[in-house]
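A short worksheet on the structure shown next.
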Amino acid sequence: MREQRKERILAFMREDAYKPLLFKELLMVLDVPKDDLQEFEEVIEELEAEGRIFKTHKDRYGVPDRMSLAVGRLQGNERGYGFVIPDEEGVGDVFITAEALNGAMHNDRVIARISKKTTADKRSEGEIIRILKRANNTVVGTFEKSKYFGFVVPDNARISGDIFIPRDEFNNAKPGQKVIAELVKWPEKRRNAEGRIVEIIGNANEAGVDILSIIKAHNFIEEFPEDVIKQAEDIDDSVTEEMLEGRRDLRGLTMVTIDGEDAKDLDDAVSIERLANGNYRLGVHIADVSRYVTEGSPLDQEALKRGTSVYLVDRVIPMLPKKLSNGICSLNPQVDRLAFSVMMDVDSSGRVVDHEIFESVIKTNERMTYTNVYKILVENDSELISRYNYLIEDFKSMEELAAILRKKRFARGAIDFDFEEAKIILDEKGRPVEVRRYEITIANKIIEEFMLVCNETVAEHFYWANCPFVYRIHEDPDAEKISSFNEFIHNLGYNVKGINKIHPRALQELLERVKGKREERIISTVMLRSLQKARYSNENGGHFGLAAKYYCHFTSPIRRYPDLIIHRIMKEYIKGQMGMDRQEVLNSRLPGVAKLCSERERASEEAERETEDLKKVEFMKQQEGEVFEGIISNVTSFGMFIELDNTIEGLVRMSSMEDDYYIYNDKQYYLIGERSRKIYRIGDIVNVKLARADIAARKIDFVLVEAPASEEAKSAPEHVKEQKPAKIKRGKKTMDPKVKKNIMGKGRRKKS
């Protein structure tokens with residue numbers, strides 16, 4: 001009810017005729033009765049605290065977007081400036097100079113006054129005028145000290161400025177140790193934040209401290225509270241007869257799990273049958289976690305707080321205790337398990353012609369791995385074929401159906417980004433001993449397609465049921481960003497059609513055209529940067545990247561809270577327990593749940609990326625001075641990024657290219673020598689020497705050791721020689737070359 005009231009007030013303030021009013025004027029205009037005065041005041045205060053309305057220095061209220069204000073999250077930059085990422089979808093970022101931060105720190109929720117609006121070649125600029133919510137109550141970093149005071153250098157380079165530590169707040173910290181500093185004073189102009197040491201993580205060079213520091217920085221907690229552990233321990237390890245009431249018995253149906261070798265939380269199984277009419281009956285059977293994690297219980301509250309399991313390079317921080325995730329909720333072979341099943345009849349064109357959703361009891365036949373399924377289907381491994389002889393026809397049918405579903409998905413325009421991931425192998429002490437490309441095989445693709453079609457089927461079913469729900473949405477891209485992207489690819493000889501209302505098919509066709517070409521990586525990366533980020537929402541907005549009208553995350557309740565909560569909703573609806581009162585409760589709660597889960601997902605992905613980057617640099621540290629062959633993956637105004645065969649990237653700084661003075665062409669993304677006319681461009685093969693692997697900064701610096709290896713790159717082509725090169729654009733903000741996010745959401749390399 002309160003949320004509905006807020007929306008009515010906001011709608012009133014957004015009317016064209018509205019002018020900012022005083023509180024007493026709002027009371028009069030909205031005809032607020034005296035006995036409602038206190039609640040109305042609370043609602044206005046909440047709206048202001050949330051940044052949805054703004055109170056001027058003259059005590060008048062209005063909505064920020066009509067007052068040249070931007071409300072959102074501040075994203076800091078290691079150079080001291082920042083960007084406000086607005087809450088409002090489709091609105092461009094606002095650049096904030098270091099002088100205009102006014103004490104705001106990375107990830108703070110802020111209000112910025114826009115001083116310069118967006119133009120054709122510049123983004124809008126502004127100044128922070130209010131900090132709504134602080135994000136950094138603590139900071140993880142390295143402790144250093146002088147004679148009279150100490151300071152903490154934040155690990156997160158986006159937090160600009162060291163944290164000042166008074167001498168009496170060292171709490172036995174020693175120089176060089178990784179610590180957690182609690183902030184007691186926020187930064188001000190020309191004054192750093194002040195804090196005190198509250199925890200010593202360990203010596204910076206001590207084994208495991210590096211990853212632990214990242215975990216602490218993102219506020220991830222490995223241990224579970226006592227009441228959560230107790231609830232988990234009290235859960236029975238086996239499925240009893242009384243649990244089976246109302247469930248369909250599928251224990252006689254042949255089904256398997258297919259996961260990576262090291263997976264322990266097996267939350268999905270698949271089955272397949274060929275029907276007499278030629279259709280496939282695909283079964284996707286998901287662990288019934290909601291049977292054990294009941295709403296409002298300690299387990300549920302802790303799962304919501306975490307939002308997701310976090311898969312770091314050396315460990316997993318689970319959403320649920322291992323007693324559940326690796327035990328009774330894991331679909332281990334040859335044991336009874338409670339499940340939520342979706343049975344889909346799919347025709348030869350990939351269309352789901354019929355489906356059922358119901359609670360079940362299952363018993364998986366085998367715990368298969370991607371490697372073994374690949375060896376059976378592709379390598380015809382005789383030993384494995386003999387061992388799993390009774391499953392071979394099923395695997396072949398799965399391969400056929402996955403190909404049909406994939407073809408149908410691409411035909412409707414789904415975008416397939418082919419960013420290769422790295423597999424990092426650590427020794428028993430957590431040191432990287434090998435970094436290689438992670439291979440996606442037909443086995444991975446089978447599971448991916450089956451999970452995708454299941455998630456779509458479930459989302460569509462409950463959309464038409466008009467039921468409260470949590471969708472996985474990916475909104476249409478901003479027209480301005482697509483226009484800029486089209487201009488970018490035009491300079492590389494490409495274009496996309498219909499940029500005013502872009503269809504994902506146009507982008508997929510472009511990816512197909514650049515497949516295998518030198519510019520494939522840069523075009524894919526810039527395209528991904530031009531799209532919105534997928535997120536959770538209680539309202540269905542479709543999924544642009546998948547070209548799907550309906551999509552949700554249903555298939556991983558062990559490791560994702562959105563899946564868990566929709567399992568509960570689905571059960572209530574199926575059992576006829578979704579009354580109006582319950583719908584009202586869910587409608588008021590789900591927006592907050594969706595937002596929190598989106599935030600925890602982003603934090604998880606950031607931590608995963610940081611641990612991977614850290615171990616990659618640590619791996620390369622052992623090879624400083626060695627020469628490697630690599631490919632130019634991106635060219636910027638300050639140098640070029642080189643990717644090695646093992647996916648590791650480093651920077652060749654323009655300042656290290658001493659054989660000539662190189663000029664950056666910002667239209668066609670290459671460097672050209674002023675005297676020699678040598679050209680370095682995306683896709684060129686070069687030899688580089690590893691000059692420095694900076695573990696603390698997680699950066700790799702290369703230097704060229706010879707001219708470009710490719711004949712094509714040795715001299716400028718005629719059309720380039722005739723063209724006057726652009727001046728170097730110093731300080732231009734360039735894209736991060738390490739974009740790897742799959743727009744379908746976190747996949748742990750298999751699930752969607």
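Residues are named by chain letter and number: chains run A, B, ... in the order of the structure tokens, numbers start at 1 in each chain, and ligands are numbered from 1 in the order shown.
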DSSP strand (DSSP E or B) residues within segment 237-398 of chain A, listed as a PDB file with N, CA, C and O atoms, in the first residue's frame:
```pdb
ATOM      1  N   ARG A 248       4.798 -36.514  -8.352  1.00  0.00           N
ATOM      2  CA  ARG A 248       4.810 -37.532  -9.396  1.00  0.00           C
ATOM      3  C   ARG A 248       6.093 -38.345  -9.271  1.00  0.00           C
ATOM      4  O   ARG A 248       7.194 -37.782  -9.157  1.00  0.00           O
ATOM      5  N   ASP A 249       5.969 -39.645  -9.291  1.00  0.00           N
ATOM      6  CA  ASP A 249       7.129 -40.524  -9.115  1.00  0.00           C
ATOM      7  C   ASP A 249       7.818 -40.757 -10.460  1.00  0.00           C
ATOM      8  O   ASP A 249       7.289 -41.439 -11.336  1.00  0.00           O
ATOM      9  N   VAL A 256      20.048 -38.140 -16.258  1.00  0.00           N
ATOM     10  CA  VAL A 256      21.435 -37.957 -15.825  1.00  0.00           C
ATOM     11  C   VAL A 256      21.673 -36.488 -15.470  1.00  0.00           C
ATOM     12  O   VAL A 256      20.934 -35.600 -15.888  1.00  0.00           O
ATOM     13  N   THR A 257      22.722 -36.257 -14.691  1.00  0.00           N
ATOM     14  CA  THR A 257      23.256 -34.903 -14.525  1.00  0.00           C
ATOM     15  C   THR A 257      24.494 -34.807 -15.416  1.00  0.00           C
ATOM     16  O   THR A 257      25.198 -35.801 -15.610  1.00  0.00           O
ATOM     17  N   ILE A 258      24.746 -33.640 -15.970  1.00  0.00           N
ATOM     18  CA  ILE A 258      25.958 -33.405 -16.779  1.00  0.00           C
ATOM     19  C   ILE A 258      26.582 -32.105 -16.281  1.00  0.00           C
ATOM     20  O   ILE A 258      25.996 -31.029 -16.429  1.00  0.00           O
ATOM     21  N   ASP A 259      27.749 -32.221 -15.668  1.00  0.00           N
ATOM     22  CA  ASP A 259      28.419 -31.069 -15.061  1.00  0.00           C
ATOM     23  C   ASP A 259      29.922 -31.173 -15.273  1.00  0.00           C
ATOM     24  O   ASP A 259      30.425 -32.158 -15.832  1.00  0.00           O
ATOM     25  N   ASP A 268      20.627 -29.791 -11.443  1.00  0.00           N
ATOM     26  CA  ASP A 268      19.734 -30.077 -12.569  1.00  0.00           C
ATOM     27  C   ASP A 268      20.065 -31.412 -13.227  1.00  0.00           C
ATOM     28  O   ASP A 268      21.225 -31.779 -13.388  1.00  0.00           O
ATOM     29  N   ALA A 269      19.010 -32.130 -13.578  1.00  0.00           N
ATOM     30  CA  ALA A 269      19.147 -33.388 -14.319  1.00  0.00           C
ATOM     31  C   ALA A 269      18.287 -33.292 -15.567  1.00  0.00           C
ATOM     32  O   ALA A 269      17.330 -32.505 -15.614  1.00  0.00           O
ATOM     33  N   VAL A 270      18.634 -34.081 -16.576  1.00  0.00           N
ATOM     34  CA  VAL A 270      17.874 -34.048 -17.829  1.00  0.00           C
ATOM     35  C   VAL A 270      17.500 -35.456 -18.261  1.00  0.00           C
ATOM     36  O   VAL A 270      18.220 -36.424 -18.010  1.00  0.00           O
ATOM     37  N   SER A 271      16.341 -35.538 -18.915  1.00  0.00           N
ATOM     38  CA  SER A 271      15.891 -36.810 -19.487  1.00  0.00           C
ATOM     39  C   SER A 271      15.377 -36.532 -20.892  1.00  0.00           C
ATOM     40  O   SER A 271      14.997 -35.402 -21.210  1.00  0.00           O
ATOM     41  N   ILE A 272      15.348 -37.557 -21.738  1.00  0.00           N
ATOM     42  CA  ILE A 272      14.844 -37.353 -23.101  1.00  0.00           C
ATOM     43  C   ILE A 272      14.197 -38.638 -23.607  1.00  0.00           C
ATOM     44  O   ILE A 272      14.638 -39.752 -23.290  1.00  0.00           O
ATOM     45  N   GLU A 273      13.111 -38.480 -24.355  1.00  0.00           N
ATOM     46  CA  GLU A 273      12.416 -39.603 -24.985  1.00  0.00           C
ATOM     47  C   GLU A 273      12.045 -39.205 -26.406  1.00  0.00           C
ATOM     48  O   GLU A 273      11.750 -38.035 -26.674  1.00  0.00           O
ATOM     49  N   ARG A 274      12.026 -40.160 -27.309  1.00  0.00           N
ATOM     50  CA  ARG A 274      11.519 -39.932 -28.665  1.00  0.00           C
ATOM     51  C   ARG A 274      10.090 -40.438 -28.709  1.00  0.00           C
ATOM     52  O   ARG A 274       9.826 -41.613 -28.431  1.00  0.00           O
ATOM     53  N   TYR A 280      10.305 -34.770 -29.522  1.00  0.00           N
ATOM     54  CA  TYR A 280      11.151 -35.112 -28.376  1.00  0.00           C
ATOM     55  C   TYR A 280      10.403 -34.735 -27.103  1.00  0.00           C
ATOM     56  O   TYR A 280       9.766 -33.690 -27.038  1.00  0.00           O
ATOM     57  N   ARG A 281      10.501 -35.574 -26.082  1.00  0.00           N
ATOM     58  CA  ARG A 281       9.996 -35.190 -24.758  1.00  0.00           C
ATOM     59  C   ARG A 281      11.214 -34.919 -23.876  1.00  0.00           C
ATOM     60  O   ARG A 281      11.909 -35.838 -23.442  1.00  0.00           O
ATOM     61  N   LEU A 282      11.461 -33.639 -23.664  1.00  0.00           N
ATOM     62  CA  LEU A 282      12.613 -33.217 -22.871  1.00  0.00           C
ATOM     63  C   LEU A 282      12.172 -32.957 -21.438  1.00  0.00           C
ATOM     64  O   LEU A 282      11.228 -32.213 -21.193  1.00  0.00           O
ATOM     65  N   GLY A 283      12.865 -33.572 -20.501  1.00  0.00           N
ATOM     66  CA  GLY A 283      12.592 -33.331 -19.087  1.00  0.00           C
ATOM     67  C   GLY A 283      13.760 -32.598 -18.441  1.00  0.00           C
ATOM     68  O   GLY A 283      14.913 -32.999 -18.598  1.00  0.00           O
ATOM     69  N   VAL A 284      13.452 -31.518 -17.759  1.00  0.00           N
ATOM     70  CA  VAL A 284      14.461 -30.814 -16.967  1.00  0.00           C
ATOM     71  C   VAL A 284      13.995 -30.887 -15.520  1.00  0.00           C
ATOM     72  O   VAL A 284      12.898 -30.432 -15.187  1.00  0.00           O
ATOM     73  N   HIS A 285      14.825 -31.492 -14.679  1.00  0.00           N
ATOM     74  CA  HIS A 285      14.444 -31.796 -13.307  1.00  0.00           C
ATOM     75  C   HIS A 285      15.385 -31.046 -12.366  1.00  0.00           C
ATOM     76  O   HIS A 285      16.596 -31.300 -12.349  1.00  0.00           O
ATOM     77  N   ILE A 286      14.818 -30.126 -11.595  1.00  0.00           N
ATOM     78  CA  ILE A 286      15.619 -29.221 -10.772  1.00  0.00           C
ATOM     79  C   ILE A 286      15.430 -29.547  -9.290  1.00  0.00           C
ATOM     80  O   ILE A 286      14.314 -29.813  -8.840  1.00  0.00           O
ATOM     81  N   ALA A 287      16.522 -29.524  -8.550  1.00  0.00           N
ATOM     82  CA  ALA A 287      16.478 -29.804  -7.114  1.00  0.00           C
ATOM     83  C   ALA A 287      15.428 -28.935  -6.430  1.00  0.00           C
ATOM     84  O   ALA A 287      15.383 -27.720  -6.636  1.00  0.00           O
ATOM     85  N   THR A 308      23.579 -15.137  -4.105  1.00  0.00           N
ATOM     86  CA  THR A 308      24.174 -16.038  -5.093  1.00  0.00           C
ATOM     87  C   THR A 308      25.378 -16.741  -4.482  1.00  0.00           C
ATOM     88  O   THR A 308      25.975 -16.246  -3.518  1.00  0.00           O
ATOM     89  N   VAL A 310      29.292 -17.698  -4.925  1.00  0.00           N
ATOM     90  CA  VAL A 310      30.391 -16.974  -5.553  1.00  0.00           C
ATOM     91  C   VAL A 310      31.476 -17.980  -5.922  1.00  0.00           C
ATOM     92  O   VAL A 310      32.018 -18.665  -5.050  1.00  0.00           O
ATOM     93  N   TYR A 311      31.798 -18.051  -7.219  1.00  0.00           N
ATOM     94  CA  TYR A 311      32.771 -19.026  -7.708  1.00  0.00           C
ATOM     95  C   TYR A 311      34.100 -18.322  -7.992  1.00  0.00           C
ATOM     96  O   TYR A 311      34.310 -17.766  -9.070  1.00  0.00           O
ATOM     97  N   VAL A 316      34.721 -21.859  -3.551  1.00  0.00           N
ATOM     98  CA  VAL A 316      33.323 -21.459  -3.741  1.00  0.00           C
ATOM     99  C   VAL A 316      32.797 -20.948  -2.410  1.00  0.00           C
ATOM    100  O   VAL A 316      33.004 -21.573  -1.370  1.00  0.00           O
ATOM    101  N   ILE A 317      32.143 -19.792  -2.434  1.00  0.00           N
ATOM    102  CA  ILE A 317      31.437 -19.295  -1.252  1.00  0.00           C
ATOM    103  C   ILE A 317      29.963 -19.549  -1.528  1.00  0.00           C
ATOM    104  O   ILE A 317      29.324 -18.820  -2.297  1.00  0.00           O
ATOM    105  N   ARG A 337      15.646 -38.142  -4.657  1.00  0.00           N
ATOM    106  CA  ARG A 337      15.728 -36.707  -4.438  1.00  0.00           C
ATOM    107  C   ARG A 337      14.404 -36.048  -4.819  1.00  0.00           C
ATOM    108  O   ARG A 337      13.746 -36.450  -5.788  1.00  0.00           O
ATOM    109  N   LEU A 338      14.021 -35.017  -4.062  1.00  0.00           N
ATOM    110  CA  LEU A 338      12.838 -34.228  -4.385  1.00  0.00           C
ATOM    111  C   LEU A 338      13.208 -33.226  -5.468  1.00  0.00           C
ATOM    112  O   LEU A 338      14.277 -32.617  -5.420  1.00  0.00           O
ATOM    113  N   ALA A 339      12.307 -33.067  -6.444  1.00  0.00           N
ATOM    114  CA  ALA A 339      12.620 -32.192  -7.582  1.00  0.00           C
ATOM    115  C   ALA A 339      11.388 -31.415  -8.023  1.00  0.00           C
ATOM    116  O   ALA A 339      10.260 -31.689  -7.608  1.00  0.00           O
ATOM    117  N   PHE A 340      11.659 -30.436  -8.868  1.00  0.00           N
ATOM    118  CA  PHE A 340      10.619 -29.678  -9.564  1.00  0.00           C
ATOM    119  C   PHE A 340      10.878 -29.935 -11.040  1.00  0.00           C
ATOM    120  O   PHE A 340      11.935 -29.575 -11.558  1.00  0.00           O
ATOM    121  N   SER A 341       9.944 -30.582 -11.707  1.00  0.00           N
ATOM    122  CA  SER A 341      10.180 -31.040 -13.079  1.00  0.00           C
ATOM    123  C   SER A 341       9.392 -30.231 -14.097  1.00  0.00           C
ATOM    124  O   SER A 341       8.254 -29.816 -13.847  1.00  0.00           O
ATOM    125  N   VAL A 342      10.020 -30.022 -15.243  1.00  0.00           N
ATOM    126  CA  VAL A 342       9.362 -29.402 -16.393  1.00  0.00           C
ATOM    127  C   VAL A 342       9.507 -30.375 -17.560  1.00  0.00           C
ATOM    128  O   VAL A 342      10.629 -30.664 -17.994  1.00  0.00           O
ATOM    129  N   MET A 343       8.386 -30.906 -18.042  1.00  0.00           N
ATOM    130  CA  MET A 343       8.387 -31.839 -19.165  1.00  0.00           C
ATOM    131  C   MET A 343       7.884 -31.087 -20.392  1.00  0.00           C
ATOM    132  O   MET A 343       6.778 -30.527 -20.378  1.00  0.00           O
ATOM    133  N   MET A 344       8.711 -31.064 -21.438  1.00  0.00           N
ATOM    134  CA  MET A 344       8.384 -30.297 -22.646  1.00  0.00           C
ATOM    135  C   MET A 344       8.386 -31.198 -23.868  1.00  0.00           C
ATOM    136  O   MET A 344       9.362 -31.934 -24.092  1.00  0.00           O
ATOM    137  N   ASP A 345       7.327 -31.134 -24.648  1.00  0.00           N
ATOM    138  CA  ASP A 345       7.291 -31.812 -25.939  1.00  0.00           C
ATOM    139  C   ASP A 345       7.744 -30.819 -26.999  1.00  0.00           C
ATOM    140  O   ASP A 345       7.126 -29.754 -27.169  1.00  0.00           O
ATOM    141  N   VAL A 346       8.826 -31.159 -27.694  1.00  0.00           N
ATOM    142  CA  VAL A 346       9.448 -30.240 -28.651  1.00  0.00           C
ATOM    143  C   VAL A 346       9.407 -30.867 -30.038  1.00  0.00           C
ATOM    144  O   VAL A 346       9.815 -32.025 -30.216  1.00  0.00           O
ATOM    145  N   VAL A 352       8.193 -25.660 -28.580  1.00  0.00           N
ATOM    146  CA  VAL A 352       7.602 -26.398 -27.458  1.00  0.00           C
ATOM    147  C   VAL A 352       6.089 -26.432 -27.683  1.00  0.00           C
ATOM    148  O   VAL A 352       5.406 -25.420 -27.541  1.00  0.00           O
ATOM    149  N   VAL A 353       5.578 -27.600 -28.036  1.00  0.00           N
ATOM    150  CA  VAL A 353       4.159 -27.712 -28.398  1.00  0.00           C
ATOM    151  C   VAL A 353       3.286 -28.067 -27.199  1.00  0.00           C
ATOM    152  O   VAL A 353       2.067 -27.900 -27.239  1.00  0.00           O
ATOM    153  N   ASP A 354       3.911 -28.562 -26.139  1.00  0.00           N
ATOM    154  CA  ASP A 354       3.159 -28.887 -24.933  1.00  0.00           C
ATOM    155  C   ASP A 354       4.149 -28.953 -23.767  1.00  0.00           C
ATOM    156  O   ASP A 354       5.330 -29.239 -23.972  1.00  0.00           O
ATOM    157  N   HIS A 355       3.651 -28.663 -22.557  1.00  0.00           N
ATOM    158  CA  HIS A 355       4.546 -28.760 -21.403  1.00  0.00           C
ATOM    159  C   HIS A 355       3.744 -28.989 -20.133  1.00  0.00           C
ATOM    160  O   HIS A 355       2.551 -28.679 -20.056  1.00  0.00           O
ATOM    161  N   GLU A 356       4.421 -29.543 -19.126  1.00  0.00           N
ATOM    162  CA  GLU A 356       3.859 -29.728 -17.791  1.00  0.00           C
ATOM    163  C   GLU A 356       4.896 -29.278 -16.773  1.00  0.00           C
ATOM    164  O   GLU A 356       6.103 -29.468 -16.965  1.00  0.00           O
ATOM    165  N   ILE A 357       4.417 -28.702 -15.662  1.00  0.00           N
ATOM    166  CA  ILE A 357       5.299 -28.291 -14.570  1.00  0.00           C
ATOM    167  C   ILE A 357       4.732 -28.889 -13.288  1.00  0.00           C
ATOM    168  O   ILE A 357       3.556 -28.658 -12.961  1.00  0.00           O
ATOM    169  N   PHE A 358       5.532 -29.662 -12.564  1.00  0.00           N
ATOM    170  CA  PHE A 358       5.000 -30.347 -11.387  1.00  0.00           C
ATOM    171  C   PHE A 358       6.125 -30.739 -10.420  1.00  0.00           C
ATOM    172  O   PHE A 358       7.306 -30.798 -10.791  1.00  0.00           O
ATOM    173  N   GLU A 359       5.732 -31.019  -9.169  1.00  0.00           N
ATOM    174  CA  GLU A 359       6.676 -31.525  -8.167  1.00  0.00           C
ATOM    175  C   GLU A 359       6.874 -33.022  -8.414  1.00  0.00           C
ATOM    176  O   GLU A 359       5.949 -33.726  -8.805  1.00  0.00           O
ATOM    177  N   SER A 360       8.081 -33.490  -8.140  1.00  0.00           N
ATOM    178  CA  SER A 360       8.383 -34.894  -8.445  1.00  0.00           C
ATOM    179  C   SER A 360       9.373 -35.466  -7.439  1.00  0.00           C
ATOM    180  O   SER A 360       9.953 -34.741  -6.621  1.00  0.00           O
ATOM    181  N   VAL A 361       9.525 -36.779  -7.523  1.00  0.00           N
ATOM    182  CA  VAL A 361      10.625 -37.456  -6.846  1.00  0.00           C
ATOM    183  C   VAL A 361      11.395 -38.192  -7.937  1.00  0.00           C
ATOM    184  O   VAL A 361      10.800 -38.832  -8.806  1.00  0.00           O
ATOM    185  N   ILE A 362      12.726 -38.048  -7.936  1.00  0.00           N
ATOM    186  CA  ILE A 362      13.550 -38.616  -9.008  1.00  0.00           C
ATOM    187  C   ILE A 362      14.714 -39.417  -8.429  1.00  0.00           C
ATOM    188  O   ILE A 362      15.013 -39.345  -7.230  1.00  0.00           O
ATOM    189  N   GLU A 366      23.093 -41.581 -13.597  1.00  0.00           N
ATOM    190  CA  GLU A 366      24.546 -41.382 -13.649  1.00  0.00           C
ATOM    191  C   GLU A 366      24.887 -39.925 -13.378  1.00  0.00           C
ATOM    192  O   GLU A 366      24.107 -39.017 -13.669  1.00  0.00           O
ATOM    193  N   ARG A 367      26.085 -39.726 -12.859  1.00  0.00           N
ATOM    194  CA  ARG A 367      26.656 -38.386 -12.712  1.00  0.00           C
ATOM    195  C   ARG A 367      27.674 -38.245 -13.849  1.00  0.00           C
ATOM    196  O   ARG A 367      28.820 -38.662 -13.749  1.00  0.00           O
ATOM    197  N   MET A 368      27.217 -37.666 -14.973  1.00  0.00           N
ATOM    198  CA  MET A 368      28.068 -37.531 -16.153  1.00  0.00           C
ATOM    199  C   MET A 368      28.851 -36.215 -16.104  1.00  0.00           C
ATOM    200  O   MET A 368      28.443 -35.255 -15.452  1.00  0.00           O
ATOM    201  N   THR A 369      29.981 -36.203 -16.816  1.00  0.00           N
ATOM    202  CA  THR A 369      30.773 -34.975 -16.928  1.00  0.00           C
ATOM    203  C   THR A 369      30.785 -34.508 -18.378  1.00  0.00           C
ATOM    204  O   THR A 369      30.559 -35.294 -19.306  1.00  0.00           O
TER     205      THR A 369
END
```
For Trp186 of chain A, please output as a list in words all residues within 12 Å (counting only C-alpha atoms; exclusion window: fewer than 2 positions along the same chain).
->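 What passes the distance filter is Asn102, Gly103, Ala104, Met105, Asp108, Ile131, Arg134, Ala135, Asn136, Asn137, Thr138, Val139, Gly161, Asp162, Ile163, Phe164, Glu182, Leu183, Val184, Glu188, Lys189, Arg190, Arg191, Asn192, Ala193, Glu194 and Gly195 of chain A.
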Show which residues sit within 9 Å of Glu99 of chain A, as a PyMOL selection string. Count only C-alpha atoms, and ignore same-chain residues fewer than 4 positions away.
-> chain A and resi 80-81+127+189
Between A:Tyr536, A:Tyr292, A:Phe23, A:Phe485, which has the minimum distance to Lys58 of chain A (counting only C-alpha atoms)?
-> A:Phe23
Enter the distance from atom CA of Lys264 of chain A to atom CA of Arg568 of chain A, in Å, rounded to one decimal.
->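 Computed distance, atom CA of Lys264 of chain A to atom CA of Arg568 of chain A, equals 23.7 Å.
With distances restricted to only C-alpha atoms, A:Val94 is the closest residue to Lys116 of chain A from A:Leu21, A:Ala594, A:Ile473, A:Val94.
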Within 10 Å of Ser524 of chain A using only C-alpha atoms, minus same-chain residues under 6 positions, as a short mmCIF file (atom, residue, chain, number, x, y, z; two decimals) with C-alpha atoms, in the first residue's frame:
```cif
data_model
loop_
_atom_site.label_atom_id
_atom_site.label_comp_id
_atom_site.auth_asym_id
_atom_site.auth_seq_id
_atom_site.Cartn_x
_atom_site.Cartn_y
_atom_site.Cartn_z
CA ASP A 416 25.99 -15.34 -29.36
CA PHE A 417 29.11 -13.67 -27.96
CA ASP A 418 32.08 -15.96 -28.36
CA PHE A 419 34.34 -14.65 -25.60
CA LEU A 507 23.72 -7.64 -34.28
CA GLN A 508 23.99 -11.43 -34.58
CA LEU A 510 27.19 -8.65 -37.82
CA LEU A 511 28.95 -11.09 -35.47
CA VAL A 514 33.22 -10.62 -38.59
CA LYS A 515 33.73 -14.21 -37.39
CA SER A 530 26.68 -0.85 -26.14
CA VAL A 739 34.75 -7.63 -20.89
#
```
Shell around Thr611 of chain A at 7 Å using only C-alpha atoms, local window under 4 positions removed, as a list in words =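 The residues satisfying every condition are Ile211, Leu312, Val313, Ala607 and Lys615 of chain A.
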Which residues in segment 384-435 of chain A does DSSP call helix (DSSP H, G or I)? List them as a list in words.
->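 Of segment 384-435 of chain A, the ones in helix (DSSP H, G or I) are Leu384, Ile385, Ser386, Arg387, Asn389, Tyr390, Leu391, Ile392, Glu393, Asp394, Phe395, Lys396, Ser397, Met398, Glu399, Glu400, Leu401, Ala402, Ala403, Ile404, Leu405, Arg406, Lys407, Lys408, Arg409, Phe410 and Ala411 of chain A.
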Close residues, Glu608 of chain A itself excluded, 12 Å, only C-alpha atoms, min 2 positions apart in chain, as a ChimeraX atom specification = /A:211,214-215,218,220,309-317,422,601-606,610-615,740-741,746,748
Atoms to include: C-alpha atoms. Write the selected residues as a CSV table (one decimal), in the first residue's frame.
```csv
chain,number,residue,atom,x,y,z
A,211,ILE,CA,42.1,-14.0,-2.3
A,214,ILE,CA,39.2,-9.7,-2.3
A,215,ILE,CA,36.6,-11.7,-0.3
A,218,HIS,CA,33.3,-7.4,-1.3
A,220,PHE,CA,31.4,-11.9,1.3
A,309,SER,CA,27.0,-18.5,-4.7
A,310,VAL,CA,30.4,-17.0,-5.6
A,311,TYR,CA,32.8,-19.0,-7.7
A,312,LEU,CA,36.3,-17.7,-7.1
A,313,VAL,CA,39.4,-19.1,-8.7
A,314,ASP,CA,40.3,-21.2,-5.7
A,315,ARG,CA,37.1,-21.7,-3.8
A,316,VAL,CA,33.3,-21.5,-3.7
A,317,ILE,CA,31.4,-19.3,-1.3
A,422,ALA,CA,40.4,-19.0,-19.0
A,601,GLU,CA,25.3,-10.8,-8.8
A,602,ARG,CA,27.4,-7.8,-9.9
A,603,ALA,CA,29.5,-8.0,-6.8
A,604,SER,CA,30.0,-11.7,-7.3
A,605,GLU,CA,31.1,-11.3,-10.9
A,606,GLU,CA,33.5,-8.5,-10.0
A,610,GLU,CA,39.4,-9.8,-9.7
A,611,THR,CA,40.6,-13.2,-8.5
A,612,GLU,CA,41.2,-14.4,-12.1
A,613,ASP,CA,43.1,-11.2,-13.0
A,614,LEU,CA,45.2,-11.6,-9.8
A,615,LYS,CA,46.2,-15.2,-10.6
A,740,LYS,CA,33.6,-11.2,-20.5
A,741,LYS,CA,30.1,-11.0,-19.0
A,746,LYS,CA,26.2,-15.9,-14.7
A,748,ARG,CA,29.5,-21.1,-14.2
```
